[in-house]
Amino acid sequence: MYESTDEMIREITAGEDTYLEFKEVLFRDNQPRFASEEGRAARVIAEVFISMANTEGGVVLLGVNKFGDVVGIDPDKREILEQWVVNCALDACEPKGSMEPRLNWRQLPDAAGVNRLVLHIDIPKSRHYVHHTSDGKFLKRVSSHRTPIPAEQLGRLLAARSLLIPFEERPCPGTNLDHFNLDRFDAYYRRRFGHSFLESGLAPERLLENLKLVLRNEDGSWRLTNLGVLLFTDRPANWLAGAYLEVAIHDHATADGNTLDVKRFEGPVNTQIDSVLEYLTKSPFLLVQSEKTALGRIDKPCYSGLAIQEAIVNATVHRDYELTGSQIIINLFPDRMEIKNPGFLHNTLKPEDLYAGCQPMRRNQHLSGFFRDFPSPITGRSLMEARGVGFLAIIRESQAISGRIPLFEVIGQSIRLTIFSGYG
């Protein structure tokens, strides 16, 4: 927006409006400040970015004062200011990492005709998110002002943008095709279709786009989708904070006792599941305990391996990956296992619906589809099989061992499934 110098000067002369904001930048101990602006500069610039992205997009000019005078930026502070702007966009705008301003240093003439250095920040209109500040303010742009979005308008905006493209299919900020593990994808493709993806007859980018794993940007570049990041990058948590599994083993019935072991499992999400299942089935604390009988000592299972697999797969498929910074946590106590994952029940489901054997709509439909093509280390079949029977399998398998029905609870913004041990 406003690419030519003549057009930019005309817009500056016309003053701030819905699409244009000026900021005079001062520096104190290498920290940017805004002249004649109350509050911390990081909070102010984040609010400006958010309000523009939530409306129609716009341009922020750093180095122009509120009267439209080009005052410039000290060239020695150029790198400091640029990094500060990027950090504000990434860390002070929610969802984190979703704001992607385009920065361009320009030379614009001041009142005396002397060229001054100005930072031109292009804020595109958001297609996939409704942005907010870290303290929960949803803002829009009205003329040159940033104002709260009314509740009824916010509801419509949230619904429209989330329905426009599901989270799985949205482009993941900061990614490109170099982050996609083609060898891993080829192994998946060979397993599913019996030959290399290179023999499909499609260009690789087109094939990946058809599978919702990449998305072409308006400028012609490619981004991985969130689905592509979860399945075919080496460390999804690099882009989606909390996209990993964590296991903690406790020696008491509550988490305030000693923790015997804590492990984090990263990598593509199906590999995370495989690694957790391998760890649990080989753990000396967990699946099998010895019991002395008249015939000698025999090993008895504490839990059903199939039930644990179903529970972890369900947590991975149903979790809300937009709740960044939260991860799936598996806590093992002497008498039970608790699997906690971020997000409410999807599509107005209630816990009693699951016990009644309802057919759930999965939050991440494409992810569940891929899971049907990955083999289970427990059964040798698919990680995810018949639709809607996983929860009932957890109940059936677990009750057969412990005599107790697993407990499913909604706690705050998360879900907790408790499976009781056969030795509880």
# chains A, B, ... in the order shown; residues from 1 in each chain; ligands from 1
call {"tool": "residues_around", "arguments": {"residues": "stretch 201-204 of chain A", "least_positions_apart": "2", "cutoff": "12 Å", "atoms": "only C-alpha atoms", "output": "ChimeraX atom specification"}}
result
/A:177,180,182,185-186,189,195-199,206-211,213-214,222
call {"tool": "residues_around", "arguments": {"residues": "A:Ile419", "least_positions_apart": "3", "cutoff": "8 Å", "atoms": "only C-alpha atoms", "output": "list in words"}}
result
Arg336, Met337, Glu338, Ser398, Ile405, Pro406 and Leu407 of chain A
call {"tool": "residues_around", "arguments": {"residues": "A:Ile330", "least_positions_apart": "6", "cutoff": "9 Å", "atoms": "only C-alpha atoms", "output": "list in words"}}
result
Leu245, Glu246, Val247, Ala248, Ile249, Ile312, Met337, Glu338, Ile339, Lys340 and Asn341 of chain A
call {"tool": "select_by_dssp", "arguments": {"residues": "stretch 67-197 of chain A", "states": "strand (DSSP E or B)", "output": "PyMOL selection string"}}
result
chain A and resi 70+93-94+102-109+115-123+132-133+139-142+145-148+171
call {"tool": "residues_around", "arguments": {"residues": "stretch 43-50 of chain A", "least_positions_apart": "4", "cutoff": "7 Å", "atoms": "only C-alpha atoms", "output": "ChimeraX atom specification"}}
result
/A:39,54,88-89,92-93,123,131-133,139,146
call {"tool": "write_last_selection", "arguments": {"atoms": "C-alpha atoms", "output": "compact mmCIF listing (two decimals), in the first residue's frame"}}
result
# COMPACT_ATOMS: atom_id res chain seq x y z
CA GLY A 39 1.78 4.17 27.80
CA ASN A 54 -8.98 -6.67 12.37
CA CYS A 88 6.15 -6.59 19.24
CA ALA A 89 4.27 -8.22 16.37
CA ALA A 92 2.43 -8.68 22.02
CA CYS A 93 -0.25 -9.62 19.48
CA ILE A 123 -0.29 -4.50 8.08
CA HIS A 131 -6.39 -10.51 16.86
CA HIS A 132 -6.29 -9.25 20.43
CA THR A 133 -3.82 -7.90 22.95
CA LEU A 139 -9.74 -3.70 18.71
CA ARG A 146 -8.39 2.19 17.70
call {"tool": "residues_around", "arguments": {"residues": "A:Glu278", "least_positions_apart": "3", "cutoff": "12 Å", "atoms": "only C-alpha atoms", "output": "list in words"}}
result
Phe265, Thr271, Gln272, Ile273, Asp274, Ser275, Thr281, Lys282, Ser283, Leu286, Leu287, Gly305, Ile308, Gln309, Ser376, Pro377 and Ile378 of chain A
call {"tool": "write_last_selection", "arguments": {"atoms": "N, CA and C atoms", "output": "mmCIF file, in the first residue's frame"}}
result
data_model
loop_
_atom_site.group_PDB
_atom_site.id
_atom_site.type_symbol
_atom_site.label_atom_id
_atom_site.label_comp_id
_atom_site.auth_asym_id
_atom_site.auth_seq_id
_atom_site.Cartn_x
_atom_site.Cartn_y
_atom_site.Cartn_z
ATOM 1 N N PHE A 265 8.083 -35.408 24.739
ATOM 2 C CA PHE A 265 8.169 -36.113 23.466
ATOM 3 C C PHE A 265 7.814 -35.137 22.346
ATOM 4 N N THR A 271 4.512 -39.501 15.549
ATOM 5 C CA THR A 271 5.752 -40.030 16.130
ATOM 6 C C THR A 271 5.770 -39.809 17.641
ATOM 7 N N GLN A 272 5.236 -38.663 18.078
ATOM 8 C CA GLN A 272 5.120 -38.429 19.517
ATOM 9 C C GLN A 272 4.312 -39.547 20.177
ATOM 10 N N ILE A 273 3.188 -39.904 19.555
ATOM 11 C CA ILE A 273 2.328 -40.949 20.117
ATOM 12 C C ILE A 273 3.079 -42.274 20.168
ATOM 13 N N ASP A 274 3.744 -42.631 19.067
ATOM 14 C CA ASP A 274 4.519 -43.883 19.045
ATOM 15 C C ASP A 274 5.551 -43.909 20.175
ATOM 16 N N SER A 275 6.253 -42.789 20.363
ATOM 17 C CA SER A 275 7.315 -42.739 21.370
ATOM 18 C C SER A 275 6.748 -42.839 22.782
ATOM 19 N N THR A 281 4.847 -48.631 27.647
ATOM 20 C CA THR A 281 4.777 -50.096 27.662
ATOM 21 C C THR A 281 6.056 -50.721 28.209
ATOM 22 N N LYS A 282 7.171 -49.975 28.148
ATOM 23 C CA LYS A 282 8.436 -50.491 28.683
ATOM 24 C C LYS A 282 8.743 -49.952 30.079
ATOM 25 N N SER A 283 7.867 -49.080 30.583
ATOM 26 C CA SER A 283 8.126 -48.455 31.870
ATOM 27 C C SER A 283 8.001 -49.458 33.005
ATOM 28 N N LEU A 286 4.612 -48.966 35.228
ATOM 29 C CA LEU A 286 3.278 -48.767 34.709
ATOM 30 C C LEU A 286 2.461 -49.969 34.314
ATOM 31 N N LEU A 287 2.687 -50.485 33.121
ATOM 32 C CA LEU A 287 1.664 -51.327 32.522
ATOM 33 C C LEU A 287 1.526 -52.693 33.162
ATOM 34 N N GLY A 305 -3.195 -51.467 27.041
ATOM 35 C CA GLY A 305 -2.411 -50.719 26.059
ATOM 36 C C GLY A 305 -3.291 -50.088 24.998
ATOM 37 N N ILE A 308 -4.971 -46.958 26.431
ATOM 38 C CA ILE A 308 -4.040 -45.837 26.510
ATOM 39 C C ILE A 308 -3.811 -45.232 25.125
ATOM 40 N N GLN A 309 -3.642 -46.095 24.132
ATOM 41 C CA GLN A 309 -3.462 -45.588 22.771
ATOM 42 C C GLN A 309 -4.665 -44.751 22.342
ATOM 43 N N SER A 376 -0.408 -48.517 14.098
ATOM 44 C CA SER A 376 -0.366 -48.503 15.551
ATOM 45 C C SER A 376 0.725 -49.441 16.058
ATOM 46 N N PRO A 377 1.579 -48.978 16.985
ATOM 47 C CA PRO A 377 2.579 -49.881 17.578
ATOM 48 C C PRO A 377 1.943 -50.888 18.549
ATOM 49 N N ILE A 378 0.695 -50.649 18.932
ATOM 50 C CA ILE A 378 0.006 -51.545 19.861
ATOM 51 C C ILE A 378 -0.714 -52.665 19.124
#
call {"tool": "atom_distance", "arguments": {"atom1": "atom CA of A:Pro236", "atom2": "atom CA of A:Gln413"}}
result
21.8 Å
call {"tool": "select_by_dssp", "arguments": {"residues": "stretch 2-140 of chain A", "states": "helix (DSSP H, G or I)", "output": "VMD selection string"}}
result
chain A and resid 5 to 14 41 to 53 75 to 91
call {"tool": "atom_distance", "arguments": {"atom1": "atom CA of A:Ser221", "atom2": "atom CA of A:Asn87"}}
result
22.9 Å
call {"tool": "closest_residue", "arguments": {"among": "A:Leu367, A:Val118, A:Leu306, A:Leu26", "to": "A:Arg381", "atoms": "only C-alpha atoms"}}
result
A:Leu306
call {"tool": "residues_around", "arguments": {"residues": "A:Leu62", "least_positions_apart": "3", "cutoff": "7 Å", "atoms": "only C-alpha atoms", "output": "PyMOL selection string"}}
result
chain A and resi 22-25+118-120
call {"tool": "write_last_selection", "arguments": {"atoms": "C-alpha atoms", "output": "compact mmCIF listing (two decimals), in the first residue's frame"}}
result
# COMPACT_ATOMS: atom_id res chain seq x y z
CA PHE A 22 2.04 8.15 12.13
CA LYS A 23 4.45 7.67 15.01
CA GLU A 24 7.43 9.82 15.99
CA VAL A 25 10.06 7.56 17.52
CA VAL A 118 11.27 6.26 7.61
CA LEU A 119 10.09 2.75 8.49
CA HIS A 120 7.02 1.80 6.43
call {"tool": "closest_residue", "arguments": {"among": "A:Tyr2, A:Tyr303, A:Phe344, A:Phe371", "to": "A:Leu332", "atoms": "only C-alpha atoms"}}
result
A:Tyr303
call {"tool": "residues_around", "arguments": {"residues": "A:Ser382", "least_positions_apart": "6", "cutoff": "7 Å", "atoms": "only C-alpha atoms", "output": "list in words"}}
result
Arg372, Asp373, Phe374, Pro375 and Ser376 of chain A
call {"tool": "atom_distance", "arguments": {"atom1": "atom CA of A:Asp261", "atom2": "atom CA of A:Asp335"}}
result
16.3 Å
call {"tool": "decode", "arguments": {"residues": "stretch 170-292 of chain A", "atoms": "C-alpha atoms", "output": "short mmCIF file (atom, residue, chain, number, x, y, z; two decimals), in the first residue's frame"}}
result
data_model
loop_
_atom_site.label_atom_id
_atom_site.label_comp_id
_atom_site.auth_asym_id
_atom_site.auth_seq_id
_atom_site.Cartn_x
_atom_site.Cartn_y
_atom_site.Cartn_z
CA ARG A 170 -4.41 -21.98 7.78
CA PRO A 171 -0.86 -21.01 6.81
CA CYS A 172 1.59 -21.25 9.69
CA PRO A 173 3.54 -17.98 10.08
CA GLY A 174 7.29 -18.20 9.58
CA THR A 175 7.26 -21.46 7.62
CA ASN A 176 8.26 -22.27 4.06
CA LEU A 177 8.79 -25.40 1.96
CA ASP A 178 12.32 -25.86 3.33
CA HIS A 179 10.77 -26.80 6.69
CA PHE A 180 8.74 -29.63 5.16
CA ASN A 181 10.31 -33.08 5.55
CA LEU A 182 9.88 -34.58 2.06
CA ASP A 183 11.53 -37.87 3.01
CA ARG A 184 9.01 -38.37 5.77
CA PHE A 185 6.17 -37.48 3.41
CA ASP A 186 7.48 -39.90 0.78
CA ALA A 187 7.52 -42.73 3.36
CA TYR A 188 3.91 -41.88 4.24
CA TYR A 189 2.90 -41.73 0.56
CA ARG A 190 4.57 -45.05 -0.29
CA ARG A 191 2.84 -46.73 2.63
CA ARG A 192 -0.55 -45.41 1.54
CA PHE A 193 -0.31 -45.64 -2.25
CA GLY A 194 2.49 -48.13 -2.90
CA HIS A 195 4.77 -45.76 -4.81
CA SER A 196 6.72 -42.52 -4.39
CA PHE A 197 4.88 -39.20 -4.50
CA LEU A 198 7.25 -38.28 -7.35
CA GLU A 199 5.33 -40.80 -9.49
CA SER A 200 1.96 -39.13 -8.81
CA GLY A 201 2.09 -37.00 -11.98
CA LEU A 202 1.59 -33.79 -9.96
CA ALA A 203 4.09 -31.11 -9.08
CA PRO A 204 5.11 -31.63 -5.42
CA GLU A 205 3.67 -28.27 -4.33
CA ARG A 206 0.34 -29.01 -6.01
CA LEU A 207 0.13 -32.45 -4.43
CA LEU A 208 0.88 -31.07 -0.98
CA GLU A 209 -1.66 -28.30 -1.53
CA ASN A 210 -4.33 -30.86 -2.47
CA LEU A 211 -3.65 -32.67 0.82
CA LYS A 212 -4.01 -29.38 2.79
CA LEU A 213 -0.35 -29.53 3.86
CA VAL A 214 0.80 -26.29 2.19
CA LEU A 215 -0.90 -23.11 1.04
CA ARG A 216 0.10 -20.58 -1.62
CA ASN A 217 0.33 -16.98 -0.41
CA GLU A 218 -1.02 -14.04 -2.34
CA ASP A 219 2.56 -13.13 -3.34
CA GLY A 220 3.08 -16.60 -4.87
CA SER A 221 5.28 -17.98 -2.06
CA TRP A 222 4.38 -21.15 -0.17
CA ARG A 223 3.68 -21.68 3.51
CA LEU A 224 3.11 -24.86 5.42
CA THR A 225 -0.36 -25.17 6.89
CA ASN A 226 -0.74 -25.95 10.57
CA LEU A 227 -1.59 -29.51 9.49
CA GLY A 228 1.65 -29.74 7.51
CA VAL A 229 3.60 -28.47 10.52
CA LEU A 230 2.04 -31.03 12.88
CA LEU A 231 2.66 -34.00 10.59
CA PHE A 232 5.71 -33.30 8.45
CA THR A 233 8.11 -30.99 10.28
CA ASP A 234 10.82 -32.28 12.58
CA ARG A 235 9.70 -30.15 15.56
CA PRO A 236 6.15 -28.75 15.33
CA ALA A 237 6.63 -26.91 18.64
CA ASN A 238 9.04 -24.56 16.85
CA TRP A 239 5.96 -22.95 15.28
CA LEU A 240 3.01 -24.14 17.38
CA ALA A 241 3.94 -23.65 21.01
CA GLY A 242 2.91 -26.63 23.11
CA ALA A 243 2.64 -29.07 20.20
CA TYR A 244 4.29 -31.88 22.13
CA LEU A 245 3.41 -34.58 24.68
CA GLU A 246 4.67 -34.60 28.24
CA VAL A 247 4.69 -37.56 30.65
CA ALA A 248 5.23 -37.26 34.41
CA ILE A 249 5.38 -40.21 36.79
CA HIS A 250 4.59 -39.48 40.47
CA ASP A 251 5.13 -41.60 43.56
CA HIS A 252 2.10 -40.23 45.44
CA ALA A 253 -1.60 -39.99 44.70
CA THR A 254 -1.21 -36.23 44.14
CA ALA A 255 1.23 -34.18 42.10
CA ASP A 256 2.79 -32.60 45.21
CA GLY A 257 4.78 -35.79 45.95
CA ASN A 258 8.07 -36.79 44.37
CA THR A 259 8.24 -36.95 40.61
CA LEU A 260 10.02 -40.12 39.57
CA ASP A 261 10.41 -39.23 35.92
CA VAL A 262 9.43 -36.44 33.49
CA LYS A 263 9.85 -36.69 29.75
CA ARG A 264 8.90 -34.47 26.82
CA PHE A 265 8.17 -36.11 23.47
CA GLU A 266 8.58 -33.94 20.38
CA GLY A 267 8.59 -34.53 16.63
CA PRO A 268 5.66 -35.06 14.24
CA VAL A 269 2.52 -35.74 16.29
CA ASN A 270 2.09 -39.38 15.26
CA THR A 271 5.75 -40.03 16.13
CA GLN A 272 5.12 -38.43 19.52
CA ILE A 273 2.33 -40.95 20.12
CA ASP A 274 4.52 -43.88 19.05
CA SER A 275 7.31 -42.74 21.37
CA VAL A 276 4.99 -42.25 24.34
CA LEU A 277 3.42 -45.66 23.86
CA GLU A 278 6.84 -47.31 23.63
CA TYR A 279 7.97 -45.49 26.77
CA LEU A 280 4.84 -46.47 28.71
CA THR A 281 4.78 -50.10 27.66
CA LYS A 282 8.44 -50.49 28.68
CA SER A 283 8.13 -48.46 31.87
CA PRO A 284 8.85 -50.38 35.08
CA PHE A 285 6.29 -48.19 36.85
CA LEU A 286 3.28 -48.77 34.71
CA LEU A 287 1.66 -51.33 32.52
CA VAL A 288 2.55 -54.61 34.22
CA GLN A 289 3.03 -55.53 37.86
CA SER A 290 3.88 -58.89 39.36
CA GLU A 291 1.48 -60.63 41.73
CA LYS A 292 2.37 -63.60 43.93
#
